[in-house]
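Novice: Dropping in target35.cif, with mmCIF, C-alpha atoms.
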data_input
#
loop_
_atom_site.group_PDB
_atom_site.id
_atom_site.type_symbol
_atom_site.label_atom_id
_atom_site.label_comp_id
_atom_site.auth_asym_id
_atom_site.auth_seq_id
_atom_site.Cartn_x
_atom_site.Cartn_y
_atom_site.Cartn_z
ATOM 1 C CA MET A 45 129.410 96.788 78.756
ATOM 2 C CA ALA A 46 130.713 99.038 81.525
ATOM 3 C CA THR A 47 129.228 102.484 81.955
ATOM 4 C CA THR A 48 130.536 105.548 83.737
ATOM 5 C CA ARG A 49 128.306 108.196 85.264
ATOM 6 C CA THR A 50 129.624 111.604 86.227
ATOM 7 C CA ALA A 51 128.784 114.270 88.766
ATOM 8 C CA HIS A 52 130.905 117.127 89.987
ATOM 9 C CA THR A 53 130.970 119.523 92.912
ATOM 10 C CA VAL A 54 132.292 123.063 93.153
ATOM 11 C CA TRP A 55 133.012 124.180 96.734
ATOM 12 C CA ASN A 56 133.878 127.695 97.913
ATOM 13 C CA GLY A 57 135.224 128.570 101.360
ATOM 14 C CA ASP A 58 136.006 126.524 104.415
ATOM 15 C CA LEU A 59 134.044 123.511 105.626
ATOM 16 C CA MET A 60 131.941 125.188 108.292
ATOM 17 C CA THR A 61 130.893 128.393 106.499
ATOM 18 C CA GLY A 62 131.528 127.524 102.863
ATOM 19 C CA ALA A 63 129.057 126.193 100.352
ATOM 20 C CA GLY A 64 129.010 124.348 97.111
ATOM 21 C CA ASN A 65 126.878 122.780 94.475
ATOM 22 C CA THR A 66 126.828 119.295 93.038
ATOM 23 C CA SER A 67 125.801 118.785 89.433
ATOM 24 C CA LEU A 68 124.517 115.567 87.911
ATOM 25 C CA ASP A 69 126.535 115.765 84.705
ATOM 26 C CA THR A 70 125.581 112.565 82.900
ATOM 27 C CA SER A 71 121.828 113.023 83.164
ATOM 28 C CA GLY A 72 121.811 116.802 83.291
ATOM 29 C CA LEU A 73 118.949 116.544 85.776
ATOM 30 C CA GLY A 74 120.135 119.347 87.983
ATOM 31 C CA THR A 75 122.499 121.110 90.297
ATOM 32 C CA PHE A 76 122.013 120.851 94.041
ATOM 33 C CA ASP A 77 123.332 123.142 96.783
ATOM 34 C CA VAL A 78 125.437 121.517 99.519
ATOM 35 C CA THR A 79 126.679 122.882 102.851
ATOM 36 C CA TRP A 80 128.130 121.499 106.067
ATOM 37 C CA LYS A 81 125.004 122.651 107.920
ATOM 38 C CA ALA A 82 122.818 120.654 105.511
ATOM 39 C CA ARG A 83 125.033 117.636 106.165
ATOM 40 C CA ALA A 84 125.377 117.830 109.933
ATOM 41 C CA GLU A 85 122.287 119.727 111.078
ATOM 42 C CA SER A 86 119.165 120.465 109.008
ATOM 43 C CA ALA A 87 118.766 120.329 105.241
ATOM 44 C CA GLU A 88 116.978 123.672 104.755
ATOM 45 C CA GLY A 89 116.557 123.064 101.020
ATOM 46 C CA LYS A 90 120.091 121.788 100.456
ATOM 47 C CA THR A 91 121.398 118.251 99.988
ATOM 48 C CA SER A 92 124.300 116.227 101.357
ATOM 49 C CA PRO A 93 126.495 113.344 100.252
ATOM 50 C CA GLU A 94 124.419 111.090 102.494
ATOM 51 C CA GLU A 95 121.150 112.058 100.809
ATOM 52 C CA LEU A 96 122.716 111.372 97.426
ATOM 53 C CA ILE A 97 123.947 107.985 98.682
ATOM 54 C CA ALA A 98 120.457 107.266 100.044
ATOM 55 C CA ALA A 99 118.971 108.034 96.622
ATOM 56 C CA ALA A 100 121.488 105.727 94.950
ATOM 57 C CA HIS A 101 120.932 102.947 97.495
ATOM 58 C CA SER A 102 117.119 103.038 97.319
ATOM 59 C CA ALA A 103 117.150 103.026 93.503
ATOM 60 C CA CYS A 104 119.755 100.266 93.240
ATOM 61 C CA PHE A 105 118.036 98.057 95.809
ATOM 62 C CA SER A 106 114.662 98.481 94.076
ATOM 63 C CA MET A 107 116.230 97.397 90.780
ATOM 64 C CA ALA A 108 118.077 94.447 92.360
ATOM 65 C CA PHE A 109 114.902 93.318 94.143
ATOM 66 C CA SER A 110 112.813 93.570 90.954
ATOM 67 C CA HIS A 111 115.451 91.565 89.074
ATOM 68 C CA ALA A 112 115.589 88.884 91.775
ATOM 69 C CA LEU A 113 111.791 88.638 91.701
ATOM 70 C CA ALA A 114 111.851 88.178 87.910
ATOM 71 C CA GLN A 115 114.424 85.402 88.247
ATOM 72 C CA ALA A 116 112.065 83.702 90.718
ATOM 73 C CA GLY A 117 109.154 84.055 88.270
ATOM 74 C CA HIS A 118 107.390 87.021 89.896
ATOM 75 C CA THR A 119 106.569 90.526 88.699
ATOM 76 C CA PRO A 120 105.922 93.185 91.337
ATOM 77 C CA ASP A 121 103.004 95.569 91.053
ATOM 78 C CA GLU A 122 105.047 98.097 93.029
ATOM 79 C CA VAL A 123 108.374 98.287 94.856
ATOM 80 C CA ASN A 124 108.739 101.204 97.265
ATOM 81 C CA THR A 125 112.153 101.500 98.926
ATOM 82 C CA LYS A 126 113.356 104.166 101.343
ATOM 83 C CA ALA A 127 117.005 104.425 102.383
ATOM 84 C CA ASP A 128 118.022 106.273 105.548
ATOM 85 C CA VAL A 129 121.772 106.928 105.519
ATOM 86 C CA THR A 130 123.229 107.995 108.868
ATOM 87 C CA PHE A 131 126.130 110.442 109.192
ATOM 88 C CA GLU A 132 127.830 111.128 112.514
ATOM 89 C CA PRO A 133 130.157 114.159 112.490
ATOM 90 C CA GLY A 134 133.624 113.075 113.538
ATOM 91 C CA THR A 135 132.867 109.440 112.700
ATOM 92 C CA GLY A 136 131.418 109.472 109.196
ATOM 93 C CA ILE A 137 128.719 107.459 107.473
ATOM 94 C CA THR A 138 127.734 104.677 109.845
ATOM 95 C CA GLY A 139 124.811 102.921 108.217
ATOM 96 C CA SER A 140 122.088 102.638 105.638
ATOM 97 C CA HIS A 141 118.672 101.376 106.655
ATOM 98 C CA LEU A 142 116.448 100.157 103.827
ATOM 99 C CA THR A 143 112.683 100.072 104.269
ATOM 100 C CA LEU A 144 110.915 98.056 101.589
ATOM 101 C CA ASN A 145 107.198 97.910 100.987
ATOM 102 C CA ALA A 146 106.272 95.889 97.926
ATOM 103 C CA LYS A 147 103.181 94.440 96.352
ATOM 104 C CA VAL A 148 104.007 91.151 94.639
ATOM 105 C CA PRO A 149 101.033 88.968 93.675
ATOM 106 C CA GLY A 150 101.416 85.265 94.397
ATOM 107 C CA LEU A 151 104.599 85.543 96.486
ATOM 108 C CA SER A 152 104.789 83.940 99.926
ATOM 109 C CA GLU A 153 106.069 85.917 102.896
ATOM 110 C CA GLU A 154 108.982 83.489 103.288
ATOM 111 C CA ASP A 155 110.081 83.859 99.658
ATOM 112 C CA PHE A 156 109.584 87.619 99.839
ATOM 113 C CA GLN A 157 111.904 87.941 102.848
ATOM 114 C CA ARG A 158 114.525 85.641 101.296
ATOM 115 C CA ILE A 159 114.537 87.532 97.989
ATOM 116 C CA ALA A 160 114.683 90.900 99.781
ATOM 117 C CA GLU A 161 117.721 89.788 101.809
ATOM 118 C CA GLU A 162 119.416 88.473 98.660
ATOM 119 C CA ALA A 163 118.757 91.793 96.906
ATOM 120 C CA LYS A 164 120.184 93.706 99.879
ATOM 121 C CA THR A 165 123.418 91.759 99.538
ATOM 122 C CA GLY A 166 123.421 91.650 95.738
ATOM 123 C CA CYS A 167 122.733 95.323 95.079
ATOM 124 C CA PRO A 168 125.897 96.937 93.630
ATOM 125 C CA VAL A 169 125.492 100.006 95.858
ATOM 126 C CA SER A 170 125.277 97.727 98.903
ATOM 127 C CA ALA A 171 128.521 96.134 97.711
ATOM 128 C CA ALA A 172 130.109 99.589 97.493
ATOM 129 C CA LEU A 173 128.938 100.336 101.047
ATOM 130 C CA THR A 174 130.454 97.261 102.707
ATOM 131 C CA GLY A 175 132.255 99.471 105.239
ATOM 132 C CA ILE A 176 128.958 100.364 106.941
ATOM 133 C CA THR A 177 126.062 98.459 108.480
ATOM 134 C CA ILE A 178 123.160 97.876 106.097
ATOM 135 C CA THR A 179 119.824 96.853 107.598
ATOM 136 C CA LEU A 180 116.483 96.033 106.009
ATOM 137 C CA ASP A 181 112.834 96.066 107.070
ATOM 138 C CA ALA A 182 110.727 94.430 104.368
ATOM 139 C CA THR A 183 106.930 94.415 104.229
ATOM 140 C CA LEU A 184 104.914 92.458 101.695
ATOM 141 C CA ALA A 185 101.801 94.509 100.983
ATOM 142 C CA ALA A 186 98.480 92.770 100.530
#
Can the structure in the file be given as structure tokens, please?

Specialist:
Amino acid sequence: MATTRTAHTVWNGDLMTGAGNTSLDTSGLGTFDVTWKARAESAEGKTSPEELIAAAHSACFSMAFSHALAQAGHTPDEVNTKADVTFEPGTGITGSHLTLNAKVPGLSEEDFQRIAEEAKTGCPVSAALTGITITLDATLAA
């Protein structure tokens, strides 16, 4: 069954000096301030589209990786994924770098790397981001 999730943004003013807020409507988890400065310079307590994409990518990859592990007969103790999404003003979003650190009892390093790469490709957010470079550093914790 398909699902739809909703967020909305209200923006006031021009790009450089204006500001807005993005609300997570479906979950109701919050409203987050957004500005150009937070996007192109420093966050200073505000978010950006890239940070929201990074959150989506790290969560989606973690789920895809956990699912792929289950299909291979493994259950992780912990999956810790960080996504760094790069934005270059004038160019746009250029990449997402995933850093995975996972503890998976009984899994070989070779199988771990293979499953992580498959999850990187199979993650629906990765599929949505096919216009950018997606890289992965994966570490199997002892």

Novice: What does the distance between atom CA of A:Val123 and atom CA of A:Leu144 come to in Å, to one decimal place?

Specialist: 7.2 Å

Novice: Just want the 8 Å neighbourhood of stretch 79-81 of chain A, counted on only C-alpha atoms, with same-chain residues fewer than 6 positions away dropped. Output as a PyMOL selection string.

Specialist: chain A and resi 59-64+87+90-92

Novice: So, with all atoms listed in the file as the atoms that count, which of A:Val54, A:Val129, A:Val169, A:Ala163 lies closest to A:Glu94?

Specialist: A:Val129

Novice: Would you kindly translate the PyMOL selection byres ((chain A and resi 156) around 12) into the concrete residues it picks from this file, as an MDAnalysis selection string?

Specialist: chainID A and resid 109:110 112:113 116 118:120 123 144:155 157:163 181:185

Novice: Residues of the last selection are to be written out with C-alpha atoms, as a PDB file, keeping the file's coordinate frame.

Specialist:
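Generated file (again23.pdb):
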ATOM      1  CA  PHE A 109     114.902  93.318  94.143  1.00  0.00           C
ATOM      2  CA  SER A 110     112.813  93.570  90.954  1.00  0.00           C
ATOM      3  CA  ALA A 112     115.589  88.884  91.775  1.00  0.00           C
ATOM      4  CA  LEU A 113     111.791  88.638  91.701  1.00  0.00           C
ATOM      5  CA  ALA A 116     112.065  83.702  90.718  1.00  0.00           C
ATOM      6  CA  HIS A 118     107.390  87.021  89.896  1.00  0.00           C
ATOM      7  CA  THR A 119     106.569  90.526  88.699  1.00  0.00           C
ATOM      8  CA  PRO A 120     105.922  93.185  91.337  1.00  0.00           C
ATOM      9  CA  VAL A 123     108.374  98.287  94.856  1.00  0.00           C
ATOM     10  CA  LEU A 144     110.915  98.056 101.589  1.00  0.00           C
ATOM     11  CA  ASN A 145     107.198  97.910 100.987  1.00  0.00           C
ATOM     12  CA  ALA A 146     106.272  95.889  97.926  1.00  0.00           C
ATOM     13  CA  LYS A 147     103.181  94.440  96.352  1.00  0.00           C
ATOM     14  CA  VAL A 148     104.007  91.151  94.639  1.00  0.00           C
ATOM     15  CA  PRO A 149     101.033  88.968  93.675  1.00  0.00           C
ATOM     16  CA  GLY A 150     101.416  85.265  94.397  1.00  0.00           C
ATOM     17  CA  LEU A 151     104.599  85.543  96.486  1.00  0.00           C
ATOM     18  CA  SER A 152     104.789  83.940  99.926  1.00  0.00           C
ATOM     19  CA  GLU A 153     106.069  85.917 102.896  1.00  0.00           C
ATOM     20  CA  GLU A 154     108.982  83.489 103.288  1.00  0.00           C
ATOM     21  CA  ASP A 155     110.081  83.859  99.658  1.00  0.00           C
ATOM     22  CA  GLN A 157     111.904  87.941 102.848  1.00  0.00           C
ATOM     23  CA  ARG A 158     114.525  85.641 101.296  1.00  0.00           C
ATOM     24  CA  ILE A 159     114.537  87.532  97.989  1.00  0.00           C
ATOM     25  CA  ALA A 160     114.683  90.900  99.781  1.00  0.00           C
ATOM     26  CA  GLU A 161     117.721  89.788 101.809  1.00  0.00           C
ATOM     27  CA  GLU A 162     119.416  88.473  98.660  1.00  0.00           C
ATOM     28  CA  ALA A 163     118.757  91.793  96.906  1.00  0.00           C
ATOM     29  CA  ASP A 181     112.834  96.066 107.070  1.00  0.00           C
ATOM     30  CA  ALA A 182     110.727  94.430 104.368  1.00  0.00           C
ATOM     31  CA  THR A 183     106.930  94.415 104.229  1.00  0.00           C
ATOM     32  CA  LEU A 184     104.914  92.458 101.695  1.00  0.00           C
ATOM     33  CA  ALA A 185     101.801  94.509 100.983  1.00  0.00           C
TER      34      ALA A 185
END

Novice: Taking all atoms of stretch 79-98 of chain A that appear in the file, build a box with edges along x, y and z, extend it by 4 Å on every side, and state its centre and edge lengths in Å to one decimal, as AutoDock Vina command-line options.

Specialist:
--center_x 122.3 --center_y 115.5 --center_z 104.3 --size_x 19.6 --size_y 24.4 --size_z 21.7

Novice: Could you check the closest approach to A:Ala84 for each of A:Ile137, A:Ile176, A:Leu96, A:Ala127 and tell me which residue wins, using all atoms listed in the file?

Specialist: A:Ile137

Novice: Rounded to one decimal place, report the atom CA of A:Gly166-atom CA of A:Met45 distance in Å.

Specialist: 18.7 Å

Novice: Near A:Ser71, counting all atoms listed in the file, which residues have an atom at most 12 Å away, once you skip same-chain residues fewer than 3 positions from it, shown as an MDAnalysis selection string?

Specialist: chainID A and resid 48:51 67:68 74:75

Novice: Between A:Thr177, A:Thr143, A:Thr53, A:Asn124, which has the minimum distance to A:Phe76 (counting all atoms listed in the file)?

Specialist: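 Of A:Thr177, A:Thr143, A:Thr53, A:Asn124, the one nearest A:Phe76 is A:Thr53, counting all atoms listed in the file.
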
Novice: At what distance in Å, to one decimal, does atom CA of A:His52 lie from atom CA of A:Ala172?

Specialist: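 Spanning atom CA of A:Ala172 to atom CA of A:His52 is a straight-line distance of 19.1 Å.
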
Novice: Taking only C-alpha atoms into account, name the residue in A:Ser140, A:Val78, A:Cys104, A:Gly134 that is nearest to A:Thr66.

Specialist: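 Among the listed residues, the smallest separation from A:Thr66 belongs to A:Val78.
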
Novice: Please list, as a list in words, the residues that have an atom at most 7 Å away from (118.1, 97.1, 99.2) in the coordinates of this file, counting all atoms listed in the file.

Specialist: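 Taken together, the residues in range are His101, Ser102, Cys104, Phe105, Ser106, Leu142, Ala163, Lys164 and Cys167 of chain A.
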
Novice: Please, could all heavy atoms be added to stretch 162-173 of chain A and the result written as an mmCIF file, in the frame of the given file?

Specialist:
data_model
loop_
_atom_site.group_PDB
_atom_site.id
_atom_site.type_symbol
_atom_site.label_atom_id
_atom_site.label_comp_id
_atom_site.auth_asym_id
_atom_site.auth_seq_id
_atom_site.Cartn_x
_atom_site.Cartn_y
_atom_site.Cartn_z
ATOM 1 N N GLU A 162 118.474 88.716 99.757
ATOM 2 C CA GLU A 162 119.416 88.473 98.660
ATOM 3 C C GLU A 162 119.662 89.750 97.868
ATOM 4 O O GLU A 162 120.802 90.036 97.472
ATOM 5 C CB GLU A 162 118.897 87.365 97.746
ATOM 6 C CG GLU A 162 118.921 85.995 98.368
ATOM 7 C CD GLU A 162 118.190 84.933 97.541
ATOM 8 O OE1 GLU A 162 117.650 85.257 96.451
ATOM 9 O OE2 GLU A 162 118.143 83.775 98.000
ATOM 10 N N ALA A 163 118.619 90.534 97.640
ATOM 11 C CA ALA A 163 118.757 91.793 96.906
ATOM 12 C C ALA A 163 119.583 92.797 97.705
ATOM 13 O O ALA A 163 120.382 93.542 97.145
ATOM 14 C CB ALA A 163 117.386 92.368 96.563
ATOM 15 N N LYS A 164 119.400 92.802 99.024
ATOM 16 C CA LYS A 164 120.184 93.706 99.879
ATOM 17 C C LYS A 164 121.671 93.415 99.722
ATOM 18 O O LYS A 164 122.483 94.329 99.587
ATOM 19 C CB LYS A 164 119.775 93.550 101.341
ATOM 20 C CG LYS A 164 120.548 94.460 102.296
ATOM 21 C CD LYS A 164 120.200 94.186 103.733
ATOM 22 C CE LYS A 164 121.082 93.089 104.243
ATOM 23 N NZ LYS A 164 121.015 92.873 105.682
ATOM 24 N N THR A 165 122.022 92.154 99.686
ATOM 25 C CA THR A 165 123.418 91.759 99.538
ATOM 26 C C THR A 165 123.899 91.933 98.103
ATOM 27 O O THR A 165 125.032 92.343 97.866
ATOM 28 C CB THR A 165 123.595 90.286 99.968
ATOM 29 O OG1 THR A 165 123.100 90.144 101.299
ATOM 30 C CG2 THR A 165 125.041 89.868 99.921
ATOM 31 N N GLY A 166 123.032 91.647 97.137
ATOM 32 C CA GLY A 166 123.421 91.650 95.738
ATOM 33 C C GLY A 166 123.405 93.003 95.054
ATOM 34 O O GLY A 166 123.959 93.157 93.963
ATOM 35 N N CYS A 167 122.797 93.982 95.657
ATOM 36 C CA CYS A 167 122.733 95.323 95.079
ATOM 37 C C CYS A 167 124.144 95.902 94.970
ATOM 38 O O CYS A 167 124.885 95.915 95.945
ATOM 39 C CB CYS A 167 121.847 96.185 95.978
ATOM 40 S SG CYS A 167 122.003 97.953 95.793
ATOM 41 N N PRO A 168 124.555 96.382 93.786
ATOM 42 C CA PRO A 168 125.897 96.937 93.630
ATOM 43 C C PRO A 168 126.210 98.107 94.576
ATOM 44 O O PRO A 168 127.354 98.256 95.011
ATOM 45 C CB PRO A 168 125.935 97.381 92.169
ATOM 46 C CG PRO A 168 124.989 96.451 91.485
ATOM 47 C CD PRO A 168 123.870 96.258 92.481
ATOM 48 N N VAL A 169 125.224 98.924 94.907
ATOM 49 C CA VAL A 169 125.492 100.006 95.858
ATOM 50 C C VAL A 169 125.739 99.426 97.245
ATOM 51 O O VAL A 169 126.627 99.885 97.966
ATOM 52 C CB VAL A 169 124.372 101.070 95.843
ATOM 53 C CG1 VAL A 169 124.554 102.077 96.973
ATOM 54 C CG2 VAL A 169 124.334 101.790 94.501
ATOM 55 N N SER A 170 124.994 98.390 97.629
ATOM 56 C CA SER A 170 125.277 97.727 98.903
ATOM 57 C C SER A 170 126.715 97.212 98.922
ATOM 58 O O SER A 170 127.420 97.336 99.929
ATOM 59 C CB SER A 170 124.321 96.549 99.143
ATOM 60 O OG SER A 170 123.011 96.973 99.385
ATOM 61 N N ALA A 171 127.146 96.639 97.805
ATOM 62 C CA ALA A 171 128.521 96.134 97.711
ATOM 63 C C ALA A 171 129.525 97.267 97.890
ATOM 64 O O ALA A 171 130.571 97.093 98.525
ATOM 65 C CB ALA A 171 128.738 95.416 96.382
ATOM 66 N N ALA A 172 129.213 98.441 97.355
ATOM 67 C CA ALA A 172 130.109 99.589 97.493
ATOM 68 C C ALA A 172 130.117 100.130 98.924
ATOM 69 O O ALA A 172 131.063 100.798 99.330
ATOM 70 C CB ALA A 172 129.699 100.692 96.523
ATOM 71 N N LEU A 173 129.078 99.825 99.677
ATOM 72 C CA LEU A 173 128.938 100.336 101.047
ATOM 73 C C LEU A 173 129.304 99.296 102.104
ATOM 74 O O LEU A 173 128.834 99.377 103.239
ATOM 75 C CB LEU A 173 127.494 100.820 101.272
ATOM 76 C CG LEU A 173 127.026 101.987 100.410
ATOM 77 C CD1 LEU A 173 125.540 102.270 100.653
ATOM 78 C CD2 LEU A 173 127.859 103.229 100.664
#
